[in-house]
2 protein chains.
Amino acid sequence: MSDGTVAEVLAAMADPTRRALLDSLAAGGEASATALSTGLPVTRQAVVKHLAVLERAGLVTPRREGREVRYALRPAPLADAASWLGGLAAEWDARTRDGDGVGSAGR
Amino acid sequence: MSDGTVAEVLAAMADPTRRALLDSLAAGGEASATALSTGLPVTRQAVVKHLAVLERAGLVTPRREGREVRYALRPAPLADAASWLGGLAAEWDARTRDGDGVGSAGR
DNA sequence: CATACGTGCAACCATCGAGTTGCAGGTACG
DNA sequence: CGTACCTGCAACTCGATGGTTGCACGTATG
């Protein structure tokens, strides 16, 4: 399951600034914190903190390149979170459809 | 697209207490706020607030039953969020796999 | 009718998260 | 070598959020 809890991924994806950050990375490939901060209405420091959160969630990975640090996207944890959510949704759906109560838990 | 933003769903699912709440509802079907609060280490009021968040996200729906209010699961928004995340993950995967830069996202 | 139970509202507190500013330390380059 | 640029750390502000207590109101029920 790659890295970072599903909960961490969800929390990371819940923030609009963070999503914008990830969008930028998806669109333009690797980028440094300073580069990312231009184009966003926040300070470089704020971006740094967000990147730290994203890294803890495993959604992004840093790579030192001379005097700067480039961050790149890591899709795996996102896919994990997505399938986890999907599984839960399916389970709920099965339960609410009829059995509604106990039932033989899917998992 | 049911109800509640995907972001709201993600934020709602990011909280452990809220997940526990949803688990209880999934396991035992409908339940009132007071019923849910027993079995959790928090006050009824805290549960009420969490239920409000979950309702705003569309994950739960209230139904007045005499003098009490029963909350029931609503799987749809969760499924939406899951497929949204899945789509994003696929897109990232496609981009990081080769094009990495701009590239015509589509296919 | 009186009582008990459940809900709803409001005030309040503590903590967390997002964001800022300021400054010190490396690293590239003329 | 000196300058410019980027990173890293620390202190601080401020609003949102999770949680609590207290109380008033409605609704069953003996």
# chains A, B, ... in the order shown; residues from 1 in each chain; ligands from 1

$ interface_residues --of "chain D" --to "chain A" --cutoff "12 Å" --atoms "only C-alpha atoms (C1' of nucleotides)" --output "ChimeraX atom specification"
/D:5-9

$ interface_residues --of "chain A" --to "chain C" --cutoff "8 Å" --atoms "only C-alpha atoms (C1' of nucleotides)" --output "short mmCIF file (atom, residue, chain, number, x, y, z; two decimals) with N, CA and C atoms, in the first residue's frame"
data_model
loop_
_atom_site.label_atom_id
_atom_site.label_comp_id
_atom_site.auth_asym_id
_atom_site.auth_seq_id
_atom_site.Cartn_x
_atom_site.Cartn_y
_atom_site.Cartn_z
N VAL A 42 -0.23 32.59 -2.19
CA VAL A 42 0.35 32.39 -0.86
C VAL A 42 1.88 32.46 -0.91
N THR A 43 2.47 32.58 0.26
CA THR A 43 3.92 32.67 0.41
C THR A 43 4.60 31.35 0.08
N ALA A 46 4.27 28.96 3.04
CA ALA A 46 3.00 28.24 3.12
C ALA A 46 3.05 27.03 2.19
N GLY A 66 20.93 20.23 -7.17
CA GLY A 66 21.80 21.37 -6.96
C GLY A 66 21.36 22.16 -5.75
N ARG A 67 21.09 23.43 -5.93
CA ARG A 67 20.69 24.22 -4.76
C ARG A 67 19.18 24.26 -4.60
#

$ closest_atom_pairs --of "chain A" --to "chain B" --cutoff "10 Å" --atoms "only C-alpha atoms" --output "Markdown table"
| residue | atom | partner | partner_atom | distance |
| --- | --- | --- | --- | --- |
| A:Val6 | CA | B:Ala14 | CA | 8.5 |
| A:Ala7 | CA | B:Ala14 | CA | 5.2 |
| A:Glu8 | CA | B:Ala14 | CA | 7.3 |
| A:Val9 | CA | B:Ala14 | CA | 8.3 |
| A:Leu10 | CA | B:Ala14 | CA | 5.5 |
| A:Ala11 | CA | B:Ala14 | CA | 5.1 |
| A:Ala12 | CA | B:Ala14 | CA | 8.8 |
| A:Met13 | CA | B:Leu10 | CA | 7.1 |
| A:Ala14 | CA | B:Ala7 | CA | 5.1 |
| A:Asp15 | CA | B:Ala7 | CA | 7.5 |
| A:Pro16 | CA | B:Ala7 | CA | 8.1 |
| A:Arg19 | CA | B:Ala7 | CA | 9.8 |
| A:Leu22 | CA | B:Trp92 | CA | 9.6 |
| A:Asp23 | CA | B:Trp92 | CA | 9.3 |
| A:Leu25 | CA | B:Gly101 | CA | 8.9 |
| A:Ala26 | CA | B:Trp92 | CA | 6.3 |
| A:Ala27 | CA | B:Val102 | CA | 5.7 |
| A:Gly28 | CA | B:Gly101 | CA | 5.1 |
| A:Gly29 | CA | B:Gly101 | CA | 5.1 |
| A:Glu30 | CA | B:Asp100 | CA | 8.4 |
| A:Ala72 | CA | B:Thr96 | CA | 8.8 |
| A:Leu73 | CA | B:Thr96 | CA | 7.4 |
| A:Arg74 | CA | B:Trp92 | CA | 8.0 |
| A:Pro75 | CA | B:Ala89 | CA | 5.7 |
| A:Ala76 | CA | B:Ala89 | CA | 7.5 |
| A:Pro77 | CA | B:Ala89 | CA | 8.7 |
| A:Leu78 | CA | B:Ala89 | CA | 5.7 |
| A:Ala79 | CA | B:Ala89 | CA | 5.3 |
| A:Asp80 | CA | B:Gly86 | CA | 8.8 |
| A:Ala81 | CA | B:Leu85 | CA | 7.7 |
| A:Ala82 | CA | B:Ala82 | CA | 5.0 |
| A:Ser83 | CA | B:Ala82 | CA | 7.0 |
| A:Trp84 | CA | B:Ala82 | CA | 8.0 |
| A:Leu85 | CA | B:Ala82 | CA | 5.2 |
| A:Gly86 | CA | B:Ala82 | CA | 5.1 |
| A:Gly87 | CA | B:Ala82 | CA | 8.7 |
| A:Leu88 | CA | B:Leu78 | CA | 8.1 |
| A:Ala89 | CA | B:Ala79 | CA | 5.2 |
| A:Ala90 | CA | B:Ala79 | CA | 7.6 |
| A:Glu91 | CA | B:Ala26 | CA | 8.6 |
| A:Trp92 | CA | B:Pro75 | CA | 5.8 |
| A:Asp93 | CA | B:Pro75 | CA | 5.8 |
| A:Ala94 | CA | B:Pro75 | CA | 9.4 |
| A:Arg95 | CA | B:Ala26 | CA | 7.1 |
| A:Thr96 | CA | B:Leu73 | CA | 7.4 |
| A:Arg97 | CA | B:Pro75 | CA | 9.9 |
| A:Gly99 | CA | B:Gly29 | CA | 8.9 |
| A:Asp100 | CA | B:Gly29 | CA | 5.4 |
| A:Gly101 | CA | B:Gly29 | CA | 5.0 |
| A:Val102 | CA | B:Ala27 | CA | 5.6 |
| A:Gly103 | CA | B:Ala27 | CA | 8.2 |
| A:Ala105 | CA | B:Ala27 | CA | 8.5 |

$ write_last_selection --atoms "C-alpha atoms" --output "tab-separated table (two decimals), in the first residue's frame"
chain	number	residue	atom	x	y	z
A	6	VAL	CA	-5.50	6.62	3.59
A	7	ALA	CA	-6.70	9.11	6.17
A	8	GLU	CA	-3.64	11.27	5.52
A	9	VAL	CA	-4.28	11.17	1.81
A	10	LEU	CA	-7.90	12.17	2.31
A	11	ALA	CA	-6.94	15.01	4.63
A	12	ALA	CA	-4.30	16.16	2.16
A	13	MET	CA	-6.73	16.14	-0.75
A	14	ALA	CA	-9.37	17.99	1.24
A	15	ASP	CA	-7.46	21.27	1.08
A	16	PRO	CA	-7.97	23.51	-1.99
A	19	ARG	CA	-5.11	20.44	-4.71
A	22	LEU	CA	-0.89	19.01	-7.10
A	23	ASP	CA	-2.60	20.31	-10.22
A	25	LEU	CA	2.70	19.45	-10.54
A	26	ALA	CA	0.47	17.33	-12.75
A	27	ALA	CA	0.46	20.01	-15.44
A	28	GLY	CA	4.06	21.08	-15.38
A	29	GLY	CA	5.93	18.09	-14.02
A	30	GLU	CA	8.52	18.60	-11.30
A	72	ALA	CA	7.31	15.26	-8.19
A	73	LEU	CA	3.89	13.61	-8.14
A	74	ARG	CA	3.40	10.09	-6.74
A	75	PRO	CA	0.10	8.66	-7.96
A	76	ALA	CA	0.13	5.36	-6.05
A	77	PRO	CA	-1.26	6.51	-2.66
A	78	LEU	CA	-4.02	8.38	-4.44
A	79	ALA	CA	-5.02	5.23	-6.29
A	80	ASP	CA	-4.96	3.32	-3.00
A	81	ALA	CA	-7.22	5.88	-1.34
A	82	ALA	CA	-9.56	5.81	-4.32
A	83	SER	CA	-9.95	2.05	-4.26
A	84	TRP	CA	-10.38	2.09	-0.49
A	85	LEU	CA	-13.18	4.64	-0.80
A	86	GLY	CA	-14.69	2.68	-3.65
A	87	GLY	CA	-14.72	-0.49	-1.58
A	88	LEU	CA	-16.37	1.27	1.32
A	89	ALA	CA	-18.98	2.79	-0.97
A	90	ALA	CA	-19.77	-0.63	-2.42
A	91	GLU	CA	-20.11	-2.11	1.03
A	92	TRP	CA	-22.45	0.64	2.16
A	93	ASP	CA	-24.45	0.26	-0.98
A	94	ALA	CA	-24.84	-3.47	-0.47
A	95	ARG	CA	-25.93	-2.99	3.13
A	96	THR	CA	-28.35	-0.14	2.60
A	97	ARG	CA	-29.86	-1.85	-0.42
A	99	GLY	CA	-29.98	-6.13	4.78
A	100	ASP	CA	-29.58	-2.71	6.31
A	101	GLY	CA	-28.73	-4.22	9.65
A	102	VAL	CA	-25.98	-6.67	10.49
A	103	GLY	CA	-25.62	-8.89	7.48
A	105	ALA	CA	-19.93	-8.21	6.30

$ select_by_dssp --residues "range 60-103 of chain A" --states "alpha helix (DSSP H)" --output "number ranges by chain"
A: 76-97
